[in-house]
file start-v9.pdb (PDB, C-alpha atoms)
MODEL        1
ATOM      1  CA  MET K   1      29.835 -15.786  11.925
ATOM      2  CA  ALA K   2      31.943 -12.740  12.832
ATOM      3  CA  THR K   3      33.832 -11.799  15.993
ATOM      4  CA  SER K   4      32.627 -12.926  19.427
ATOM      5  CA  ASN K   5      31.518  -9.449  20.548
ATOM      6  CA  LYS K   6      28.953  -9.404  17.731
ATOM      7  CA  ASN K   7      25.956 -11.100  19.284
ATOM      8  CA  ILE K   8      22.942  -9.405  17.642
ATOM      9  CA  ILE K   9      21.061 -10.851  14.659
ATOM     10  CA  ILE K  10      18.197  -8.978  13.013
ATOM     11  CA  TYR K  11      15.635 -11.320  11.494
ATOM     12  CA  TYR K  12      13.116 -10.084   8.929
ATOM     13  CA  ALA K  13       9.952 -12.213   8.715
ATOM     14  CA  VAL K  14       6.892 -12.184   6.486
ATOM     15  CA  SER K  15       5.012 -15.410   7.300
ATOM     16  CA  LYS K  16       4.286 -17.639  10.289
ATOM     17  CA  ASN K  17       6.649 -20.219   8.812
ATOM     18  CA  HIS K  18       9.449 -17.662   9.093
ATOM     19  CA  ILE K  19       8.763 -17.487  12.835
ATOM     20  CA  LYS K  20       9.272 -21.269  13.053
ATOM     21  CA  ASN K  21      12.553 -20.841  11.192
ATOM     22  CA  LEU K  22      13.569 -18.127  13.634
ATOM     23  CA  GLU K  23      12.961 -20.468  16.571
ATOM     24  CA  LEU K  24      15.204 -23.087  14.955
ATOM     25  CA  LEU K  25      17.924 -20.475  14.471
ATOM     26  CA  GLU K  26      17.628 -19.412  18.094
ATOM     27  CA  ASN K  27      18.402 -23.000  19.119
ATOM     28  CA  ILE K  28      21.376 -23.170  16.754
ATOM     29  CA  GLU K  29      22.726 -19.782  17.899
ATOM     30  CA  PRO K  30      21.911 -19.673  21.640
ATOM     31  CA  THR K  31      24.565 -17.030  22.361
ATOM     32  CA  SER K  32      23.053 -14.611  19.857
ATOM     33  CA  LYS K  33      20.269 -12.148  20.612
ATOM     34  CA  PHE K  34      17.669 -12.118  17.848
ATOM     35  CA  TYR K  35      15.550  -9.086  17.019
ATOM     36  CA  LEU K  36      12.479  -9.710  14.889
ATOM     37  CA  ILE K  37      11.321  -7.110  12.401
ATOM     38  CA  LYS K  38       8.021  -7.864  10.702
ATOM     39  CA  ASP K  39       6.949  -6.919   7.219
ATOM     40  CA  GLN K  40       4.477  -4.055   7.389
ATOM     41  CA  ASN K  41       2.188  -5.922   4.977
ATOM     42  CA  SER K  42       2.484  -9.336   6.656
ATOM     43  CA  LEU K  43      -0.273 -11.219   8.443
ATOM     44  CA  LEU K  44       1.878 -11.818  11.505
ATOM     45  CA  LYS K  45      -0.131 -10.998  14.607
ATOM     46  CA  ASN K  46       0.039 -12.177  18.209
ATOM     47  CA  PHE K  47       2.575 -14.967  17.580
ATOM     48  CA  ASN K  48       5.124 -15.118  20.407
ATOM     49  CA  LYS K  49       5.235 -12.093  22.683
ATOM     50  CA  ASN K  50       8.571 -13.246  24.107
ATOM     51  CA  LYS K  51      10.362 -12.216  20.917
ATOM     52  CA  ASN K  52      12.428  -9.048  20.796
ATOM     53  CA  ILE K  53      10.355  -6.974  18.393
ATOM     54  CA  LEU K  54      12.072  -4.244  16.408
ATOM     55  CA  LYS K  55       9.741  -1.738  14.783
ATOM     56  CA  PHE K  56      10.776  -0.174  11.517
ATOM     57  CA  ALA K  57      10.381   3.338  12.968
ATOM     58  CA  GLU K  58      13.031   2.395  15.553
ATOM     59  CA  LEU K  59      15.438   0.741  13.102
ATOM     60  CA  ASP K  60      17.694   3.711  12.310
ATOM     61  CA  ARG K  61      18.190   4.579  15.981
ATOM     62  CA  PHE K  62      18.751   0.906  16.853
ATOM     63  CA  LEU K  63      21.405   0.518  14.146
ATOM     64  CA  GLN K  64      23.141   3.740  15.208
ATOM     65  CA  LYS K  65      23.428   2.419  18.739
ATOM     66  CA  ASN K  66      24.192  -1.250  18.040
ATOM     67  CA  TYR K  67      25.739  -1.622  14.575
ATOM     68  CA  LYS K  68      29.146  -2.624  15.981
ATOM     69  CA  ASN K  69      27.538  -5.592  17.758
ATOM     70  CA  ILE K  70      25.405  -6.863  14.875
ATOM     71  CA  LYS K  71      26.531 -10.140  13.286
ATOM     72  CA  CYS K  72      24.156  -9.981  10.357
ATOM     73  CA  ALA K  73      20.639  -9.373   9.125
ATOM     74  CA  ILE K  74      18.680 -12.379   7.869
ATOM     75  CA  MET K  75      16.081 -11.603   5.225
ATOM     76  CA  SER K  76      13.397 -14.245   4.776
ATOM     77  CA  THR K  77      12.643 -12.733   1.418
ATOM     78  CA  ALA K  78      14.481 -10.286  -0.826
ATOM     79  CA  GLN K  79      11.604  -9.369  -3.087
ATOM     80  CA  VAL K  80      11.459  -6.089  -4.958
ATOM     81  CA  ARG K  81       8.919  -4.466  -2.663
ATOM     82  CA  ILE K  82       9.060  -1.194  -0.750
ATOM     83  CA  PHE K  83       9.595  -2.659   2.730
ATOM     84  CA  PRO K  84      12.509  -5.030   1.889
ATOM     85  CA  ILE K  85      14.133  -2.229  -0.122
ATOM     86  CA  LYS K  86      13.905   0.084   2.910
ATOM     87  CA  LEU K  87      15.545  -2.567   5.088
ATOM     88  CA  LEU K  88      18.286  -3.110   2.533
ATOM     89  CA  PHE K  89      18.929   0.638   2.446
ATOM     90  CA  TYR K  90      19.493   0.856   6.217
ATOM     91  CA  PHE K  91      21.540  -2.342   6.434
ATOM     92  CA  ASN K  92      23.845  -1.066   3.709
ATOM     93  CA  ILE K  93      24.258   2.345   5.339
ATOM     94  CA  TYR K  94      25.511   0.656   8.519
ATOM     95  CA  ASN K  95      27.501  -1.989   6.636
ATOM     96  CA  ILE K  96      25.447  -4.869   8.052
ATOM     97  CA  ARG K  97      26.055  -8.240   6.391
ATOM     98  CA  ILE K  98      22.804  -9.431   4.760
ATOM     99  CA  ILE K  99      22.064 -13.111   4.240
ATOM    100  CA  SER K 100      19.095 -15.157   3.105
ATOM    101  CA  PHE K 101      18.089 -18.831   2.970
ATOM    102  CA  GLN K 102      16.291 -20.147  -0.087
ATOM    103  CA  GLU K 103      13.021 -21.820   0.876
ATOM    104  CA  THR K 104      11.992 -23.431  -2.410
ATOM    105  CA  HIS K 105      13.478 -24.742  -5.646
ATOM    106  CA  GLN K 106      12.538 -21.386  -7.071
ATOM    107  CA  LEU K 107      14.422 -21.326 -10.367
ATOM    108  CA  TYR K 108      13.620 -24.966 -11.077
ATOM    109  CA  LEU K 109       9.896 -24.447 -10.431
ATOM    110  CA  HIS K 110       9.543 -21.022 -12.022
ATOM    111  CA  ASN K 111      11.254 -21.521 -15.390
ATOM    112  CA  ASN K 112      14.515 -19.911 -14.213
ATOM    113  CA  LYS K 113      12.772 -16.739 -13.074
ATOM    114  CA  LEU K 114      13.271 -15.282  -9.608
ATOM    115  CA  ASN K 115      10.711 -13.540  -7.432
ATOM    116  CA  ASN K 116      11.880 -13.976  -3.818
ATOM    117  CA  TYR K 117      15.631 -13.364  -4.007
ATOM    118  CA  ILE K 118      16.130 -10.476  -6.386
ATOM    119  CA  LEU K 119      17.551  -7.681  -4.227
ATOM    120  CA  PRO K 120      21.368  -7.681  -3.926
ATOM    121  CA  ILE K 121      22.382  -9.339  -0.657
ATOM    122  CA  ASN K 122      25.781 -10.485   0.575
ATOM    123  CA  GLU K 123      25.189 -14.211   0.984
ATOM    124  CA  LEU K 124      22.504 -16.541  -0.293
ATOM    125  CA  TYR K 125      22.251 -20.135   0.919
ATOM    126  CA  VAL K 126      20.486 -22.310  -1.639
ATOM    127  CA  ASN K 127      19.146 -25.848  -1.669
ATOM    128  CA  SER K 128      20.745 -27.322  -4.810
ATOM    129  CA  GLU K 129      23.621 -27.030  -7.262
ATOM    130  CA  TYR K 130      21.057 -26.325  -9.982
ATOM    131  CA  GLU K 131      19.823 -23.223  -8.162
ATOM    132  CA  LYS K 132      23.380 -22.043  -7.528
ATOM    133  CA  LEU K 133      24.537 -22.510 -11.130
ATOM    134  CA  THR K 134      21.420 -20.888 -12.585
ATOM    135  CA  LEU K 135      21.806 -17.887 -10.288
ATOM    136  CA  LYS K 136      25.400 -17.464 -11.409
ATOM    137  CA  ILE K 137      24.531 -17.832 -15.082
ATOM    138  CA  ASN K 138      21.904 -15.111 -14.701
ATOM    139  CA  ASP K 139      24.365 -12.899 -12.761
ATOM    140  CA  ASN K 140      22.039 -12.104  -9.870
ATOM    141  CA  ASN K 141      24.492  -9.867  -7.976
ATOM    142  CA  TYR K 142      25.248 -12.241  -5.106
ATOM    143  CA  SER K 143      28.782 -12.040  -3.800
ATOM    144  CA  ASN K 144      28.539 -15.464  -2.197
ATOM    145  CA  ILE K 145      26.238 -18.414  -2.971
ATOM    146  CA  LYS K 146      26.505 -21.665  -1.029
ATOM    147  CA  VAL K 147      24.542 -24.906  -1.250
ATOM    148  CA  ILE K 148      23.316 -26.038   2.176
ATOM    149  CA  LYS K 149      20.182 -27.965   1.082
ATOM    150  CA  TRP K 150      17.238 -27.466   3.481
ATOM    151  CA  PRO K 151      18.430 -25.863   6.734
ATOM    152  CA  PHE K 152      14.946 -25.549   8.240
ATOM    153  CA  PHE K 153      13.606 -28.934   7.170
ATOM    154  CA  ARG K 154      12.718 -31.340   9.951
ATOM    155  CA  ALA K 155      11.181 -34.642   8.888
ATOM    156  CA  SER K 156       9.612 -35.125  12.315
ATOM    157  CA  GLU K 157       7.277 -32.186  11.655
ATOM    158  CA  LEU K 158       5.811 -34.009   8.656
ATOM    159  CA  ILE K 159       5.065 -37.208  10.543
ATOM    160  CA  ASP K 160       2.142 -36.264  12.763
ATOM    161  CA  LYS K 161       0.393 -39.632  12.559
ATOM    162  CA  LYS K 162       1.132 -43.259  11.696
ATOM    163  CA  ILE K 163       0.473 -44.172   8.080
ATOM    164  CA  ASN K 164      -0.823 -47.601   7.101
ATOM    165  CA  ILE K 165       1.995 -48.724   4.818
ATOM    166  CA  SER K 166      -0.181 -51.476   3.330
ATOM    167  CA  GLN K 167      -2.035 -48.754   1.405
ATOM    168  CA  LYS K 168      -0.653 -47.051  -1.662
ATOM    169  CA  TYR K 169      -0.271 -43.289  -1.756
ATOM    170  CA  ILE K 170       0.613 -40.762  -4.405
ATOM    171  CA  LEU K 171       2.098 -37.438  -3.392
ATOM    172  CA  LEU K 172       1.401 -34.894  -6.121
ATOM    173  CA  ILE K 173       3.162 -31.525  -5.738
ATOM    174  CA  LEU K 174       1.857 -28.803  -8.022
ATOM    175  CA  ASN K 175       3.274 -25.374  -8.625
ATOM    176  CA  ALA K 176       1.253 -22.239  -7.937
ATOM    177  CA  THR K 177      -0.941 -21.470 -10.937
ATOM    178  CA  ASN K 178      -0.188 -18.536 -13.193
ATOM    179  CA  LYS K 179      -3.130 -16.760 -11.571
ATOM    180  CA  ASN K 180      -1.139 -16.516  -8.318
ATOM    181  CA  ASN K 181       2.378 -16.534  -9.753
ATOM    182  CA  SER K 182       3.047 -14.866 -13.076
ATOM    183  CA  ASN K 183       6.231 -16.949 -13.503
ATOM    184  CA  SER K 184       4.335 -20.237 -13.385
ATOM    185  CA  ALA K 185       3.762 -22.241 -16.569
ATOM    186  CA  GLU K 186       0.826 -24.074 -14.960
ATOM    187  CA  THR K 187      -2.773 -22.967 -15.413
ATOM    188  CA  TYR K 188      -5.665 -24.126 -13.237
ATOM    189  CA  LYS K 189      -7.054 -26.137 -16.176
ATOM    190  CA  PHE K 190      -3.657 -27.765 -16.764
ATOM    191  CA  GLN K 191      -3.473 -28.896 -13.111
ATOM    192  CA  ILE K 192      -7.027 -30.286 -13.133
ATOM    193  CA  ASN K 193      -6.179 -32.316 -16.259
ATOM    194  CA  ILE K 194      -3.108 -33.789 -14.533
ATOM    195  CA  ILE K 195      -5.192 -34.816 -11.521
ATOM    196  CA  LYS K 196      -7.904 -36.351 -13.735
ATOM    197  CA  LYS K 197      -5.343 -38.388 -15.703
ATOM    198  CA  ILE K 198      -3.855 -39.755 -12.500
ATOM    199  CA  ILE K 199      -7.286 -40.689 -11.128
ATOM    200  CA  TYR K 200      -8.438 -42.356 -14.368
ATOM    201  CA  ASN K 201      -5.199 -44.146 -15.314
ATOM    202  CA  LEU K 202      -3.756 -45.401 -12.048
ATOM    203  CA  PRO K 203      -5.367 -48.108  -9.929
TER     204      PRO K 203
ENDMDL
END
call {"tool": "encode", "arguments": {"input": "start-v9.pdb", "output": "structure tokens"}}
result
Amino acid sequence: MATSNKNIIIYYAVSKNHIKNLELLENIEPTSKFYLIKDQNSLLKNFNKNKNILKFAELDRFLQKNYKNIKCAIMSTAQVRIFPIKLLFYFNIYNIRIISFQETHQLYLHNNKLNNYILPINELYVNSEYEKLTLKINDNNYSNIKVIKWPFFRASELIDKKINISQKYILLILNATNKNNSNSAETYKFQINIIKKIIYNLP
């Protein structure tokens, strides 16, 4: 990141999973001081009281006082909603570098349509060459796109018990239905049919 005197990182979170990601970043960047700003519409309540909480009402004054010492702002989502747009407005006024980490194969899963990373940010770190190339083809206003795969993925978190390897398992990963995500090509009926075919046709 930038010069050594810049030791503040503002982290915008929406979900509990974003708090886990923040804790991983804190371990990677132990010399940085993280300030958490929560989405006004998020369900985040009573998570970790040891975090430095930055309220939106205090943001302008905080940036006025500290902008020279801020490395960057990390946006967990750059959706076109009022709260992220407000954050983007203030970060741009104070010339704060804005970055984001892609959490899913969004373009691959959603028929090349974006919903989480639409607002113009400075740097986007994506998980595959496909996502990077598709973003560039669609000219999504990112000045810098880099492939870093899955920065927050830890296999140990998925292994919470021993699995009997003598048994056979199928892992079926479905997209959100079009009821929950308008970009999805999958309906609830379509997904049920897939599950039924697997049950009836595989031993």
call {"tool": "resolve_selection", "arguments": {"input": "start-v9.pdb", "expression": "the PyMOL selection byres ((chain K and resi 68) around 10)", "output": "PyMOL selection string"}}
result
chain K and resi 5-8+63-67+69-71+94-96
call {"tool": "residues_around", "arguments": {"input": "start-v9.pdb", "residues": "Tyr12 (chain K)", "least_positions_apart": "4", "cutoff": "10 Å", "atoms": "only C-alpha atoms", "output": "PyMOL selection string"}}
result
chain K and resi 18-19+22+35-39+54+73-78+84+87+100
call {"tool": "axis_aligned_box", "arguments": {"input": "start-v9.pdb", "around": "region 88-107 of chain K", "padding_each_side": "8 Å", "output": "lines of an AutoDock Vina configuration file"}}
result
center_x = 19.7
center_y = -11.2
center_z = -0.9
size_x = 31.5
size_y = 43.1
size_z = 34.9
call {"tool": "residues_around", "arguments": {"input": "start-v9.pdb", "residues": "region 146-150 of chain K", "least_positions_apart": "4", "cutoff": "6 Å", "atoms": "all atoms listed in the file", "output": "list in words"}}
result
Tyr125, Val126, Asn127 and Ser128 of chain K
call {"tool": "atom_distance", "arguments": {"input": "start-v9.pdb", "atom1": "CA of Ala13 (chain K)", "atom2": "CA of Leu172 (chain K)"}}
result
28.4 Å
call {"tool": "closest_residue", "arguments": {"input": "start-v9.pdb", "among": "K:Ile173, K:Ile194, K:Leu119, K:Leu59", "to": "Phe91 (chain K)", "atoms": "all atoms listed in the file"}}
result
K:Leu59
